[in-house]
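Okay, so here's the structure we're looking at.
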Amino acid sequence: MRPPDRVKQPAVSPSVRDDGVIPLPTAAPPAPQRERRRGRRLLTALAALVVACALAWLLRARILTGAARYLSVHDAVQKADAIFVFGGDPDIRPYAAAELYRRGLAPRVLVPGMETGRLAADGLIPTQTELFLRVLKKEGVPGSAVQVLNLPGGTASTTDDARVLRDWIRRTHARRVIAVTTTYHTRRARLSLRRALQGMEVRVMMYGAPTRGYTERDWWRSESGMVTYFNEYLKLARYKLSGGR
């Protein structure tokens, strides 16, 4: 006797729903439709870019002024044990320190012994430290009120300047110092001082002297202003990435 034929069961697709309905595969949109969608997305992105550029151009003065002001920090200065001048900008910083001294805000001015270049070492030009001392004397600060803070080899950076001030504070136990530098340099100078003086009971007040030939409101119109601010942002970034070294 022949065995009954087996009933062949249909294979069930794993995509069959619980109600037994097999969903049909979704057809991909036609190529022209995909191209149109891609084109619309591209046009939207380009329009957004054009709007962003237009807004940046219209607000350029406000944006660039804000970028400059970010670098500037100012404290209300009070009477202190000393006025410390950061190295650099000899046509600005020592003049500002002398003005503060004449106002009676401190009995002494501290100047870092700065690194000497080849021309200065050969006696062909004065060192920056000598320039600072000459300016202070010309502006009425007596030599007895000026002290040069030396570092082996001379100071060559903002970090070096902060270190020589730290060593002086440790020796003298000073409690208040006015730190003078140029406006654009105040933020990086303050960062350097905070790291160098960490844990020390001393108050440092930042005083930013204005630049010459340009201000925070128009620095991008001057070649020297652009060089100054771009360089300062690069130095600030390097300083933060290197941990203040």
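Residues are referred to by chain and number: the chain letter is A, B, ... according to the order shown in the structure tokens, the number counts from 1 in that chain, and ligands are numbered separately from 1 in the order shown.
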Item checked: Which of segment 172-236 of chain A DSSP labels alpha helix (DSSP H), written as a list in words ->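 These are the residues in question: Thr172, Thr186, Arg187, Arg188, Ala189, Arg190, Leu191, Ser192, Leu193, Arg194, Arg195, Ala196, Glu223, Ser224, Gly225, Met226, Val227, Thr228, Tyr229, Phe230, Asn231, Glu232, Tyr233, Leu234, Lys235 and Leu236 of chain A.
Close contacts of Ala162 of chain A, defined as residues with an atom at most 7 Å away when counting only C-alpha atoms, with chain neighbours fewer than 2 positions off set aside, comprise Thr158, Thr159, Asp160, Val164, Leu165, Arg166, Ser192, Leu193 and Ala196 of chain A.
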Selection above as a file: N, CA and C atoms, as an mmCIF file, in the first residue's frame:
data_model
loop_
_atom_site.group_PDB
_atom_site.id
_atom_site.type_symbol
_atom_site.label_atom_id
_atom_site.label_comp_id
_atom_site.auth_asym_id
_atom_site.auth_seq_id
_atom_site.Cartn_x
_atom_site.Cartn_y
_atom_site.Cartn_z
ATOM 1 N N THR A 158 56.587 84.746 29.237
ATOM 2 C CA THR A 158 55.660 85.146 30.300
ATOM 3 C C THR A 158 55.801 84.218 31.501
ATOM 4 N N THR A 159 56.009 82.936 31.244
ATOM 5 C CA THR A 159 56.185 81.976 32.329
ATOM 6 C C THR A 159 57.428 82.296 33.144
ATOM 7 N N ASP A 160 58.522 82.664 32.477
ATOM 8 C CA ASP A 160 59.742 83.043 33.190
ATOM 9 C C ASP A 160 59.507 84.271 34.055
ATOM 10 N N VAL A 164 60.104 84.602 38.259
ATOM 11 C CA VAL A 164 60.962 85.509 39.019
ATOM 12 C C VAL A 164 60.146 86.323 40.017
ATOM 13 N N LEU A 165 58.903 86.649 39.657
ATOM 14 C CA LEU A 165 58.045 87.335 40.618
ATOM 15 C C LEU A 165 57.715 86.404 41.787
ATOM 16 N N ARG A 166 57.433 85.152 41.501
ATOM 17 C CA ARG A 166 57.162 84.180 42.565
ATOM 18 C C ARG A 166 58.331 84.094 43.542
ATOM 19 N N SER A 192 49.376 82.645 33.797
ATOM 20 C CA SER A 192 50.732 82.275 34.177
ATOM 21 C C SER A 192 50.998 82.578 35.649
ATOM 22 N N LEU A 193 50.532 83.722 36.113
ATOM 23 C CA LEU A 193 50.733 84.088 37.520
ATOM 24 C C LEU A 193 49.957 83.167 38.450
ATOM 25 N N ALA A 196 51.913 79.978 38.717
ATOM 26 C CA ALA A 196 53.179 80.141 39.423
ATOM 27 C C ALA A 196 52.973 80.408 40.907
#
Margin query: Need to verify the contact set: segment 96-105 of chain A, 10 Å, only C-alpha atoms, exclusion of same-chain residues closer than 4 positions in sequence. Can you return it as a PyMOL selection string?
Written below: chain A and resi 77-86+91-92+109-111+132+135-141+145+177-182+207-210
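Closest to Pro152 of chain A among A:Leu71, A:Ala47, A:Ala52, A:Met114 is A:Met114, based on only C-alpha atoms.
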Next item on the list: Give the answer as one residue: which of A:Thr116, A:Thr65, A:Thr183, A:Gln198 has the shortest atom-to-atom distance to Ala156 of chain A, using only C-alpha atoms?
Entry: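 Selected residue with least distance to Ala156 of chain A: A:Thr116.
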Notebook entry, point to check: Which one of A:Asp167, A:Ala174, A:Gly113, A:Tyr95 sits closest to Arg134 of chain A if you count only C-alpha atoms?
Noted result: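 So, comparing all the options, the nearest one is A:Tyr95.
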Margin query: Report, in Å to a single decimal, how far apart atom CA of Arg93 of chain A and atom CA of Ala106 of chain A are.
Written below: 15.9 Å
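From atom CA of Val204 of chain A back to atom CA of Glu216 of chain A, the distance works out to 23.7 Å.
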Check: Taking only C-alpha atoms into account, which of A:Ile125, A:Tyr229, A:Lys240, A:Asp218 comes nearest Arg62 of chain A?
Finding: A:Asp218
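Note that the spacing between atom CA of Tyr233 of chain A and atom CA of Tyr70 of chain A amounts to 10.1 Å.
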